[in-house]
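Next comes final39.cif, with mmCIF, C-alpha atoms and all ligand atoms.
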```cif
data_my_file
#
loop_
_atom_site.label_atom_id
_atom_site.label_comp_id
_atom_site.auth_asym_id
_atom_site.auth_seq_id
_atom_site.Cartn_x
_atom_site.Cartn_y
_atom_site.Cartn_z
CA MET C 912 150.32 83.90 113.22
CA SER C 913 153.43 82.37 111.71
CA GLU C 914 152.04 82.73 108.18
CA ILE C 915 152.10 86.55 108.48
CA PRO C 916 155.31 87.77 106.84
CA ALA C 917 157.75 89.99 108.72
CA LEU C 918 158.61 93.38 107.24
CA PRO C 919 161.98 93.34 105.56
CA PRO C 920 164.27 95.84 107.34
CA GLU C 921 164.28 98.22 104.34
CA HIS C 922 160.47 98.30 104.24
CA PRO C 923 159.25 101.81 103.22
CA LEU C 924 156.88 101.93 106.20
CA GLN C 925 159.86 101.94 108.49
CA THR C 926 162.26 104.09 106.51
CA ARG C 927 159.73 106.87 105.83
CA THR C 928 159.36 107.87 109.49
CA ALA C 929 162.84 106.84 110.67
CA GLY C 930 164.06 110.45 110.72
CA SER C 931 161.08 111.82 112.65
CA PRO C 932 161.84 113.22 116.12
CA ILE C 933 159.54 110.72 117.87
CA ILE C 934 161.22 107.68 116.33
CA ARG C 935 164.70 109.11 116.82
CA ALA C 936 164.01 110.00 120.48
CA ALA C 937 162.54 106.53 121.05
CA ARG C 938 165.75 104.98 119.74
CA GLY C 939 167.97 107.33 121.76
CA GLU C 940 169.26 109.12 118.65
CA PRO C 941 169.93 112.89 118.82
CA VAL C 942 166.93 115.13 118.03
CA GLU C 943 166.64 118.81 117.19
CA ARG C 944 163.77 119.30 119.62
CA THR C 945 161.72 117.33 122.11
CA PRO C 946 158.87 115.65 120.23
CA VAL C 947 155.35 115.65 121.64
CA TRP C 948 152.06 113.78 121.37
CA PHE C 949 149.27 113.35 123.92
CA MET C 950 147.53 110.24 125.14
CA ARG C 951 143.81 110.64 124.31
CA GLN C 952 144.62 113.52 121.96
CA ALA C 953 141.70 112.30 119.84
CA GLY C 954 138.50 112.46 121.81
CA ARG C 955 136.05 114.47 123.76
CA SER C 956 138.20 117.57 124.28
CA LEU C 957 137.70 118.30 120.55
CA PRO C 958 134.38 119.75 119.34
CA GLU C 959 134.99 118.25 115.88
CA TYR C 960 135.27 114.82 117.56
CA ARG C 961 132.03 115.29 119.50
CA ALA C 962 130.25 116.33 116.30
CA LEU C 963 131.48 113.28 114.41
CA ARG C 964 130.55 110.88 117.22
CA GLU C 965 126.96 112.22 117.46
CA GLY C 966 124.70 109.13 117.33
CA VAL C 967 127.59 106.71 116.61
CA ASP C 968 128.54 104.31 119.39
CA MET C 969 132.21 103.96 120.30
CA MET C 970 132.66 100.37 119.10
CA THR C 971 131.12 101.23 115.71
CA ALA C 972 133.40 104.27 115.41
CA CYS C 973 136.44 102.07 116.21
CA ASN C 974 135.49 99.66 113.40
CA THR C 975 134.63 102.13 110.61
CA THR C 976 137.51 103.08 108.30
CA ASP C 977 136.43 106.65 107.47
CA LEU C 978 135.73 107.52 111.11
CA ILE C 979 139.02 106.03 112.33
CA VAL C 980 140.95 108.06 109.73
CA GLU C 981 139.14 111.33 110.39
CA ILE C 982 139.22 111.11 114.21
CA THR C 983 142.89 110.07 114.24
CA MET C 984 143.79 113.07 112.04
CA GLN C 985 141.78 115.68 113.97
CA PRO C 986 144.36 116.36 116.73
CA VAL C 987 147.24 116.22 114.23
CA ARG C 988 145.67 118.95 112.13
CA ARG C 989 144.57 121.05 115.07
CA HIS C 990 147.57 120.84 117.41
CA GLY C 991 150.49 119.99 115.10
CA VAL C 992 151.60 117.14 117.39
CA ASP C 993 154.55 115.05 116.19
CA ALA C 994 152.61 111.77 115.95
CA ALA C 995 149.12 110.45 115.46
CA ILE C 996 147.75 107.74 117.72
CA LEU C 997 145.35 105.33 116.11
CA PHE C 998 141.76 105.99 117.16
CA SER C 999 140.71 102.70 118.70
CA ASP C 1000 140.34 101.23 122.18
CA ILE C 1001 142.07 98.54 124.20
CA VAL C 1002 138.95 96.33 124.09
CA VAL C 1003 138.64 96.38 120.26
CA PRO C 1004 140.68 93.14 119.82
CA LEU C 1005 138.58 91.44 122.53
CA ARG C 1006 135.47 92.22 120.55
CA ALA C 1007 137.21 91.02 117.37
CA ALA C 1008 137.95 87.76 119.23
CA GLY C 1009 134.29 87.17 120.00
CA ILE C 1010 133.95 88.63 123.52
CA ASP C 1011 130.69 90.51 124.10
CA VAL C 1012 132.10 93.86 125.24
CA GLU C 1013 130.72 97.37 124.84
CA ILE C 1014 132.19 100.78 125.61
CA GLN C 1015 129.61 102.72 127.60
CA PRO C 1016 129.78 106.51 127.59
CA GLY C 1017 131.13 107.86 130.88
CA VAL C 1018 131.82 104.31 132.14
CA GLY C 1019 134.26 102.55 129.83
CA PRO C 1020 134.39 98.90 128.74
CA VAL C 1021 131.59 96.65 130.04
CA VAL C 1022 131.77 92.87 129.52
CA ALA C 1023 128.36 91.16 129.33
CA ASP C 1024 129.49 87.87 130.82
CA PRO C 1025 132.68 88.27 132.89
CA VAL C 1026 135.36 85.58 132.75
CA THR C 1027 135.56 83.23 135.75
CA THR C 1028 138.20 80.83 136.97
CA SER C 1029 136.31 77.90 135.48
CA ASP C 1030 135.93 79.15 131.89
CA GLY C 1031 139.13 81.25 131.90
CA VAL C 1032 141.16 80.97 128.78
CA THR C 1033 138.64 79.10 126.63
CA ARG C 1034 136.80 82.37 126.02
CA ILE C 1035 139.58 84.09 124.08
CA GLY C 1036 139.18 83.21 120.40
CA ALA C 1037 141.45 84.07 117.50
CA LEU C 1038 141.55 87.66 116.23
CA GLY C 1039 138.70 88.00 113.74
CA ASP C 1040 138.17 90.47 110.93
CA ILE C 1041 139.91 93.82 111.49
CA SER C 1042 140.02 94.82 107.82
CA GLN C 1043 138.30 98.18 108.51
CA ILE C 1044 141.12 99.04 110.93
CA GLU C 1045 143.88 97.84 108.61
CA ALA C 1046 142.43 99.89 105.74
CA ALA C 1047 142.30 102.96 108.01
CA ILE C 1048 145.96 102.52 108.98
CA GLN C 1049 146.99 102.22 105.33
CA MET C 1050 145.15 105.45 104.50
CA LEU C 1051 146.51 107.22 107.57
CA THR C 1052 150.13 106.35 106.93
CA ARG C 1053 149.81 107.72 103.39
CA GLU C 1054 148.25 110.94 104.67
CA LEU C 1055 150.74 111.33 107.54
CA ALA C 1056 153.76 110.87 105.23
CA ASP C 1057 156.88 111.15 107.42
CA LYS C 1058 154.93 111.68 110.66
CA PRO C 1059 154.56 108.45 112.64
CA LEU C 1060 151.31 106.71 113.40
CA ILE C 1061 151.48 105.08 116.82
CA GLY C 1062 149.58 101.81 117.11
CA PHE C 1063 148.65 100.38 120.49
CA CYS C 1064 147.03 97.67 122.54
CA GLY C 1065 146.16 97.03 126.16
CA ALA C 1066 148.52 94.96 128.27
CA PRO C 1067 147.34 91.48 129.32
CA PHE C 1068 146.78 92.51 132.97
CA THR C 1069 144.63 95.55 132.18
CA LEU C 1070 142.52 93.54 129.71
CA ALA C 1071 142.21 90.66 132.19
CA SER C 1072 140.93 93.11 134.80
CA TYR C 1073 138.12 94.29 132.48
CA LEU C 1074 137.28 90.69 131.56
CA ILE C 1075 137.16 89.45 135.16
CA GLU C 1076 135.60 92.49 136.86
CA GLY C 1077 133.13 92.95 133.97
CA GLY C 1078 133.93 96.66 133.85
CA PRO C 1079 136.09 99.36 135.44
CA SER C 1080 137.13 98.57 139.00
CA LYS C 1081 138.84 100.60 141.73
CA ASP C 1082 140.18 97.74 143.82
CA HIS C 1083 140.59 94.96 141.19
CA ALA C 1084 139.60 92.53 143.98
CA LYS C 1085 138.18 89.79 141.75
CA THR C 1086 141.17 90.04 139.44
CA LYS C 1087 143.68 89.69 142.28
CA ALA C 1088 141.71 86.88 143.93
CA PHE C 1089 141.64 85.02 140.57
CA MET C 1090 145.38 85.58 140.15
CA TRP C 1091 146.31 84.29 143.61
CA SER C 1092 143.79 81.45 143.89
CA GLU C 1093 144.08 79.94 140.38
CA PRO C 1094 147.58 80.81 139.19
CA ALA C 1095 147.64 78.17 136.44
CA VAL C 1096 144.35 79.38 134.88
CA TRP C 1097 145.53 82.96 135.35
CA HIS C 1098 148.77 82.35 133.46
CA ASP C 1099 146.84 80.63 130.64
CA LEU C 1100 144.44 83.59 130.43
CA LEU C 1101 147.24 86.17 130.34
CA ALA C 1102 149.15 84.13 127.76
CA ALA C 1103 146.02 83.99 125.56
CA LEU C 1104 145.56 87.78 125.89
CA SER C 1105 149.22 88.34 125.12
CA ARG C 1106 148.87 86.23 121.95
CA LEU C 1107 145.70 88.05 120.88
CA CYS C 1108 147.20 91.51 121.45
CA GLY C 1109 150.39 90.44 119.72
CA GLU C 1110 148.38 89.57 116.62
CA PHE C 1111 146.60 92.94 116.82
CA LEU C 1112 149.89 94.86 117.16
CA ARG C 1113 151.49 92.92 114.32
CA ALA C 1114 148.55 93.71 112.03
CA GLN C 1115 148.81 97.42 112.91
CA ILE C 1116 152.54 97.51 112.19
CA LEU C 1117 152.21 95.59 108.92
CA ALA C 1118 149.50 98.04 107.85
CA GLY C 1119 151.85 100.97 108.53
CA ALA C 1120 152.12 101.91 112.23
CA SER C 1121 155.71 102.97 112.92
CA ALA C 1122 155.74 102.71 116.72
CA ILE C 1123 153.51 100.98 119.25
CA GLN C 1124 152.47 101.59 122.84
CA VAL C 1125 151.31 98.93 125.28
CA PHE C 1126 148.93 100.46 127.86
CA ASP C 1127 148.98 98.71 131.23
CA SER C 1128 146.63 101.23 132.76
CA TRP C 1129 145.87 99.26 135.93
CA ALA C 1130 149.30 97.69 136.64
CA GLY C 1131 149.79 100.28 139.39
CA ALA C 1132 147.24 98.32 141.48
CA LEU C 1133 149.88 95.63 142.07
CA ALA C 1134 152.85 95.38 144.41
CA LYS C 1135 156.13 94.76 142.66
CA PRO C 1136 156.56 91.04 143.54
CA ASP C 1137 153.06 90.25 142.25
CA TYR C 1138 153.61 92.38 139.15
CA GLU C 1139 156.84 90.52 138.41
CA THR C 1140 155.37 87.06 139.04
CA TYR C 1141 151.90 87.28 137.51
CA VAL C 1142 152.02 90.06 134.93
CA LEU C 1143 155.40 91.12 133.59
CA PRO C 1144 156.30 87.82 131.82
CA HIS C 1145 153.14 88.17 129.71
CA SER C 1146 153.77 91.84 128.88
CA ARG C 1147 157.31 90.90 127.88
CA ALA C 1148 156.03 88.11 125.63
CA LEU C 1149 153.62 90.58 124.01
CA LEU C 1150 156.33 93.19 123.40
CA ASP C 1151 158.74 90.51 122.20
CA SER C 1152 156.22 89.14 119.70
CA VAL C 1153 156.74 92.21 117.46
CA ALA C 1154 160.51 92.51 118.02
CA ASP C 1155 161.22 91.23 114.50
CA LEU C 1156 159.30 94.17 112.98
CA GLY C 1157 161.83 96.66 114.37
CA VAL C 1158 159.48 99.48 115.43
CA PRO C 1159 159.99 101.30 118.75
CA ARG C 1160 157.86 99.90 121.59
CA ILE C 1161 156.57 102.11 124.42
CA HIS C 1162 155.64 100.42 127.72
CA PHE C 1163 153.28 102.58 129.81
CA GLY C 1164 151.24 102.20 132.96
CA VAL C 1165 149.46 104.42 135.47
CA GLY C 1166 150.54 104.66 139.12
CA THR C 1167 153.63 102.62 138.28
CA GLY C 1168 156.28 104.66 140.13
CA GLU C 1169 157.21 101.58 142.18
CA LEU C 1170 157.23 99.37 139.07
CA LEU C 1171 159.35 101.49 136.70
CA THR C 1172 162.54 99.51 137.32
CA SER C 1173 160.66 96.30 136.41
CA MET C 1174 158.88 97.82 133.40
CA ALA C 1175 162.17 98.85 131.80
CA VAL C 1176 162.57 95.46 130.11
CA PRO C 1177 164.83 94.78 127.12
CA GLU C 1178 161.70 94.14 125.00
CA CYS C 1179 160.82 97.86 124.89
CA GLU C 1180 162.68 100.99 123.81
CA VAL C 1181 160.66 103.57 125.80
CA VAL C 1182 159.07 103.54 129.26
CA GLY C 1183 156.14 105.86 129.96
CA VAL C 1184 156.13 107.77 133.25
CA ASP C 1185 152.92 109.07 134.80
CA GLN C 1186 152.55 112.37 136.64
CA ARG C 1187 152.94 110.89 140.13
CA VAL C 1188 156.70 110.56 139.65
CA ARG C 1189 159.17 113.42 139.18
CA LEU C 1190 160.54 112.80 135.68
CA ALA C 1191 164.14 113.08 136.92
CA ASP C 1192 163.45 110.27 139.44
CA GLY C 1193 161.71 108.23 136.75
CA ILE C 1194 164.79 108.54 134.53
CA THR C 1195 167.03 107.36 137.38
CA ARG C 1196 164.79 104.33 137.95
CA ILE C 1197 164.50 103.48 134.25
CA GLY C 1198 168.22 103.85 133.59
CA PRO C 1199 170.31 104.63 130.51
CA GLU C 1200 169.15 101.74 128.31
CA HIS C 1201 165.70 103.21 127.61
CA SER C 1202 164.12 106.44 126.44
CA VAL C 1203 161.30 107.93 128.53
CA GLN C 1204 157.89 109.41 127.76
CA GLY C 1205 155.92 111.84 129.89
CA ASN C 1206 154.81 113.36 132.12
CA LEU C 1207 152.87 116.62 132.54
CA ASP C 1208 149.90 116.24 134.90
CA PRO C 1209 146.75 116.44 132.72
CA ALA C 1210 145.25 118.62 135.47
CA ALA C 1211 147.98 121.25 134.91
CA LEU C 1212 146.18 122.13 131.66
CA PHE C 1213 143.48 123.81 133.78
CA ALA C 1214 145.93 125.96 135.76
CA GLY C 1215 146.70 128.69 133.23
CA GLU C 1216 149.46 129.31 130.71
CA ASP C 1217 152.20 130.26 133.19
CA VAL C 1218 151.82 126.98 135.08
CA VAL C 1219 151.64 124.94 131.87
CA HIS C 1220 154.74 126.58 130.41
CA SER C 1221 156.87 126.44 133.55
CA ARG C 1222 156.00 122.81 134.28
CA ALA C 1223 156.52 121.83 130.64
CA ALA C 1224 159.92 123.57 130.61
CA GLU C 1225 160.94 121.68 133.78
CA ILE C 1226 159.96 118.39 132.17
CA VAL C 1227 161.90 119.17 128.98
CA ALA C 1228 164.96 120.07 131.08
CA ALA C 1229 164.70 116.84 133.09
CA GLY C 1230 164.17 114.83 129.89
CA ALA C 1231 167.51 116.04 128.53
CA ASN C 1232 169.16 113.64 130.99
CA ALA C 1233 167.37 110.60 129.59
CA ARG C 1234 168.63 108.49 126.69
CA GLY C 1235 165.78 110.07 124.74
CA HIS C 1236 162.61 111.93 125.74
CA ILE C 1237 159.15 112.08 124.18
CA PHE C 1238 156.96 114.72 125.81
CA ASN C 1239 153.46 113.57 126.77
CA LEU C 1240 150.99 113.95 129.59
CA GLY C 1241 151.26 111.57 132.53
CA HIS C 1242 147.93 110.07 131.42
CA GLY C 1243 145.18 110.92 128.93
CA VAL C 1244 143.77 114.35 128.04
CA LEU C 1245 140.77 114.99 130.32
CA PRO C 1246 137.54 115.60 128.34
CA PRO C 1247 136.90 119.16 129.67
CA THR C 1248 140.38 120.33 128.57
CA ASP C 1249 140.34 123.46 126.40
CA PRO C 1250 141.90 122.30 123.10
CA ALA C 1251 143.49 125.75 122.64
CA VAL C 1252 145.66 125.01 125.70
CA LEU C 1253 147.00 121.87 123.99
CA THR C 1254 147.69 123.72 120.74
CA ASN C 1255 149.52 126.42 122.69
CA LEU C 1256 151.55 123.79 124.59
CA VAL C 1257 152.68 122.11 121.37
CA ALA C 1258 153.79 125.48 119.95
CA PHE C 1259 155.59 126.31 123.21
CA LEU C 1260 157.42 122.96 123.19
CA HIS C 1261 158.40 123.29 119.56
CA GLU C 1262 159.90 126.72 120.20
CA GLN C 1263 161.32 126.17 123.63
CA SER C 1264 163.17 122.98 122.83
CA ASP C 1265 164.63 124.14 119.50
CA ARG C 1266 168.31 123.45 119.94
O1 LIG Y 1 143.82 109.61 121.29
C1 LIG Y 1 144.06 108.49 121.77
O2 LIG Y 1 144.78 108.30 122.75
C2 LIG Y 1 143.54 107.28 120.99
C3 LIG Y 1 142.44 106.67 121.44
C4 LIG Y 1 142.30 105.80 122.70
C5 LIG Y 1 141.02 105.56 123.23
N1 LIG Y 1 141.14 104.63 124.20
C6 LIG Y 1 139.78 106.17 122.73
C7 LIG Y 1 138.65 106.30 123.66
C8 LIG Y 1 143.21 105.04 123.41
C9 LIG Y 1 144.71 104.95 123.27
C10 LIG Y 1 142.46 104.30 124.37
C11 LIG Y 1 143.04 103.32 125.29
C12 LIG Y 1 142.27 102.90 126.47
N2 LIG Y 1 140.96 102.59 126.57
C13 LIG Y 1 142.86 102.66 127.72
C14 LIG Y 1 144.31 102.81 128.03
C15 LIG Y 1 144.67 104.22 128.26
C16 LIG Y 1 144.21 104.78 129.55
O3 LIG Y 1 143.41 105.71 129.51
O4 LIG Y 1 144.68 104.30 130.59
C17 LIG Y 1 141.84 102.25 128.61
C18 LIG Y 1 141.98 101.91 130.06
C19 LIG Y 1 140.64 102.20 127.85
C20 LIG Y 1 139.29 101.78 128.30
C21 LIG Y 1 138.36 102.92 128.18
N3 LIG Y 1 137.75 103.26 127.00
C22 LIG Y 1 137.99 103.88 129.17
C23 LIG Y 1 138.44 103.88 130.61
C24 LIG Y 1 137.15 104.81 128.52
C25 LIG Y 1 136.55 106.07 129.10
C26 LIG Y 1 135.11 105.97 129.46
C27 LIG Y 1 134.49 107.36 129.47
O5 LIG Y 1 133.54 107.55 128.67
O6 LIG Y 1 134.94 108.22 130.22
C28 LIG Y 1 137.00 104.39 127.18
C29 LIG Y 1 136.24 105.07 126.11
C30 LIG Y 1 137.06 105.83 125.15
N4 LIG Y 1 138.19 105.35 124.54
C31 LIG Y 1 136.80 107.13 124.67
C32 LIG Y 1 137.77 107.42 123.71
C33 LIG Y 1 137.91 108.64 122.85
C34 LIG Y 1 135.62 107.98 125.07
C35 LIG Y 1 134.41 107.43 124.41
C36 LIG Y 1 133.52 108.50 123.81
O7 LIG Y 1 134.02 109.50 123.25
O8 LIG Y 1 132.31 108.27 123.84
#
```
Would you kindly transcribe this structure into structure tokens?
Amino acid sequence: MSEIPALPPEHPLQTRTAGSPIIRAARGEPVERTPVWFMRQAGRSLPEYRALREGVDMMTACNTTDLIVEITMQPVRRHGVDAAILFSDIVVPLRAAGIDVEIQPGVGPVVADPVTTSDGVTRIGALGDISQIEAAIQMLTRELADKPLIGFCGAPFTLASYLIEGGPSKDHAKTKAFMWSEPAVWHDLLAALSRLCGEFLRAQILAGASAIQVFDSWAGALAKPDYETYVLPHSRALLDSVADLGVPRIHFGVGTGELLTSMAVPECEVVGVDQRVRLADGITRIGPEHSVQGNLDPAALFAGEDVVHSRAAEIVAAGANARGHIFNLGHGVLPPTDPAVLTNLVAFLHEQSDR
């Protein structure tokens, strides 16, 4: 990894989007209005996405330049959100490192041969060819001009859970048993995942991504002492590995109300808050050193315009007390969401928060 050059601070990829509301809010600089993007804004809520994905499996779509570019742009064109998020998946770098993993429709990532305590870390190879993804990012950043492209990766714990459980899990029992019974192998595995994801993030930023988000979707399954002992050091190492590139880093997890104080590490600029926490309380827990992102309940989008607008307005008002605030849902857009509701919400936010 050391042979990959760092971006010089005046690199055009960073200066071009530096004045955008998302980047400014992430850095705690004043903004004219609250910026907005949505987790899973690209995906099954959009008919143009479903049409494009007809007969193309998810992993193929995530590794095909033209499809990545088109799917990433779809929600930007339709909703006018303030950022694009790269169309990809958290298991894409695992596949690029030689792990046999598929993304099954309606299920999620499925690992053919789950990792055990005895083979542990030896299974994580180096990041292989991701040139289709890098080419897509280069095209996207040209097309997006001064609008940021957000790159992302999974956090080591969430990826480890998929690798150990073999697929989605409600209780993460095998993962926790692995963690507690073989702590040395566990730490090696998480360090290897942190290194792999660090390489993936670095490649995305060097290709043109101007912010990144680390998704620790399952961290909320852990109690705080376990999170701090077994997980957080590896997430910090991952976030720190791109510190030299100078792009804002968003640290997000689901069900992490109890973990927010721990997640607000110096290695990130923004902490994501899910919908289970009142944003005002999240801001208190996260403190004045970080900006926040969130946190409309994705289910509110089914409750009618009045509910959407009043809840969104409350969140914008609460966000004014944070160092900076990026509006988002508390978690991803649910597939049955009416895309017109999202478009309307973006327009409402752009008007309502005009200062
Ligand atoms: O718009 C965006 O946010 C960008 C795209 C994106 C996808 N996955 C595309 C996708 C992002 C950021 C992810 C991250 C991801 N993937 C996470 C972290 C975020 C989170 O939701 O907590 C996780 C846990 C995964 C693993 C994963 N991949 C799951 C749980 C699923 C859903 C399975 C299903 O079919 O319901 C996937 C598949 C997936 N990733 C889809 C999309 C658009 C749906 C696949 C399809 O359209 O066939």
- request: Compute the set of protein, DNA and RNA residues whose minimum atom distance to ligand LIG 1 (chain Y) is at most 8 Å, using all atoms listed in the file, and state it as number ranges by chain.
  value: C: 949-955, 960-961, 964, 968-969, 983, 995-1002, 1014-1020, 1063-1065, 1069, 1079, 1126-1129, 1164-1165, 1242-1243
message: Applying 6 Å and all atoms listed in the file, which residues near Val1026 in chain C remain after dropping the ones on its own chain fewer than 4 positions away? List them as a list in words.
response: Gly1031, Leu1074 and Ile1075 of chain C
Write a file of the just-selected residues containing C-alpha atoms, as a CSV table (one decimal), in the frame of the given file.
```csv
chain,number,residue,atom,x,y,z
C,1031,GLY,CA,139.1,81.2,131.9
C,1074,LEU,CA,137.3,90.7,131.6
C,1075,ILE,CA,137.2,89.4,135.2
```
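Remark: for Thr926 in chain C, the closest of the candidate residues C:Ala1120, C:Ala1211, C:Ala1258, C:Ala1134 is C:Ala1120 (distances computed over all atoms listed in the file).
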message: So that I can see what lies close to Leu1150 in chain C, please list as a list in words the residues with an atom at most 8 Å from it, counting all atoms listed in the file and leaving out residues fewer than 3 positions away in the same chain.
response: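 Neighbouring residues, sequence-local ones excluded: Gly1109, Val1125, Ser1146, Arg1147, Val1153, Ala1154, Arg1160, Glu1178 and Cys1179 of chain C.
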task: Would you mind listing what lies within 9 Å of Leu1260 in chain C as an MDAnalysis selection string, with all atoms listed in the file counted and same-chain residues fewer than 3 positions away left out?
output: chainID C and resid 944:947 1220 1223:1224 1227 1238 1255:1257 1263:1265
Hey, can you spit out that residue selection with C-alpha atoms as a CSV table (one decimal), in the coordinates of the input?
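This went into again-v1.csv:
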```csv
chain,number,residue,atom,x,y,z
C,944,ARG,CA,163.8,119.3,119.6
C,945,THR,CA,161.7,117.3,122.1
C,946,PRO,CA,158.9,115.6,120.2
C,947,VAL,CA,155.4,115.6,121.6
C,1220,HIS,CA,154.7,126.6,130.4
C,1223,ALA,CA,156.5,121.8,130.6
C,1224,ALA,CA,159.9,123.6,130.6
C,1227,VAL,CA,161.9,119.2,129.0
C,1238,PHE,CA,157.0,114.7,125.8
C,1255,ASN,CA,149.5,126.4,122.7
C,1256,LEU,CA,151.6,123.8,124.6
C,1257,VAL,CA,152.7,122.1,121.4
C,1263,GLN,CA,161.3,126.2,123.6
C,1264,SER,CA,163.2,123.0,122.8
C,1265,ASP,CA,164.6,124.1,119.5
```
message: Would you compute the distance between CA of Ala1103 in chain C and CA of Ala1148 in chain C? Give it in Å to one decimal.
response: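 Computed distance, CA of Ala1103 in chain C to CA of Ala1148 in chain C, equals 10.8 Å.
Relative to CA of Ala1210 in chain C, CA of Val1244 in chain C is found at 8.7 Å.
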message: Considering only C-alpha atoms, can you say which of C:Glu1110, C:Glu1180, C:Asp1208, C:Glu1076 comes closest to Gly939 in chain C?
response: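 Ranked by minimum distance to Gly939 in chain C, first place goes to C:Glu1180.
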- prompt: Pick the closest to Gly1062 in chain C from C:Gly1119, C:Gly1193, C:Pro1094, C:Gly1036: which is it, counting all atoms listed in the file?
  reply: C:Gly1119
message: Calculated over all atoms listed in the file, which of the candidates C:Ala1071, C:Leu1245, C:Ala1118, C:Ile1044 has the smallest distance to Ala1130 in chain C?
response: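 The closest residue to Ala1130 in chain C is C:Ala1071.
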task: Go through C:Ser1202, C:Glu940, C:Val1184, C:Ser956 one by one, measure the shortest atom-to-atom distance of each to Pro1247 in chain C using all atoms listed in the file, and give the residue with the smallest value.
output: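 Closest candidate: C:Ser956.
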query: With all atoms listed in the file as the basis for distance, which of C:Thr1140, C:Ser1105, C:Thr1033, C:Ser1152 is at the shortest distance from Pro1067 in chain C?
result: C:Ser1105
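Here CA of Val1218 in chain C and CA of Ile933 in chain C stand 24.9 Å from one another.
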task: Excluding Ser1092 in chain C and any residue of its chain fewer than 4 positions from it, enumerate the residues within 12 Å of it, using all atoms listed in the file, and give them as an NGL selection string.
output: :C and (1027-1029 or 1084-1088 or 1096-1098 or 1141)
Keeping only C-alpha atoms, write the selected residues as a short mmCIF file (atom, residue, chain, number, x, y, z; two decimals), in the coordinates of the input.
```
data_model
loop_
_atom_site.label_atom_id
_atom_site.label_comp_id
_atom_site.auth_asym_id
_atom_site.auth_seq_id
_atom_site.Cartn_x
_atom_site.Cartn_y
_atom_site.Cartn_z
CA THR C 1027 135.56 83.23 135.75
CA THR C 1028 138.20 80.83 136.97
CA SER C 1029 136.31 77.90 135.48
CA ALA C 1084 139.60 92.53 143.98
CA LYS C 1085 138.18 89.79 141.75
CA THR C 1086 141.17 90.04 139.44
CA LYS C 1087 143.68 89.69 142.28
CA ALA C 1088 141.71 86.88 143.93
CA VAL C 1096 144.35 79.38 134.88
CA TRP C 1097 145.53 82.96 135.35
CA HIS C 1098 148.77 82.35 133.46
CA TYR C 1141 151.90 87.28 137.51
#
```
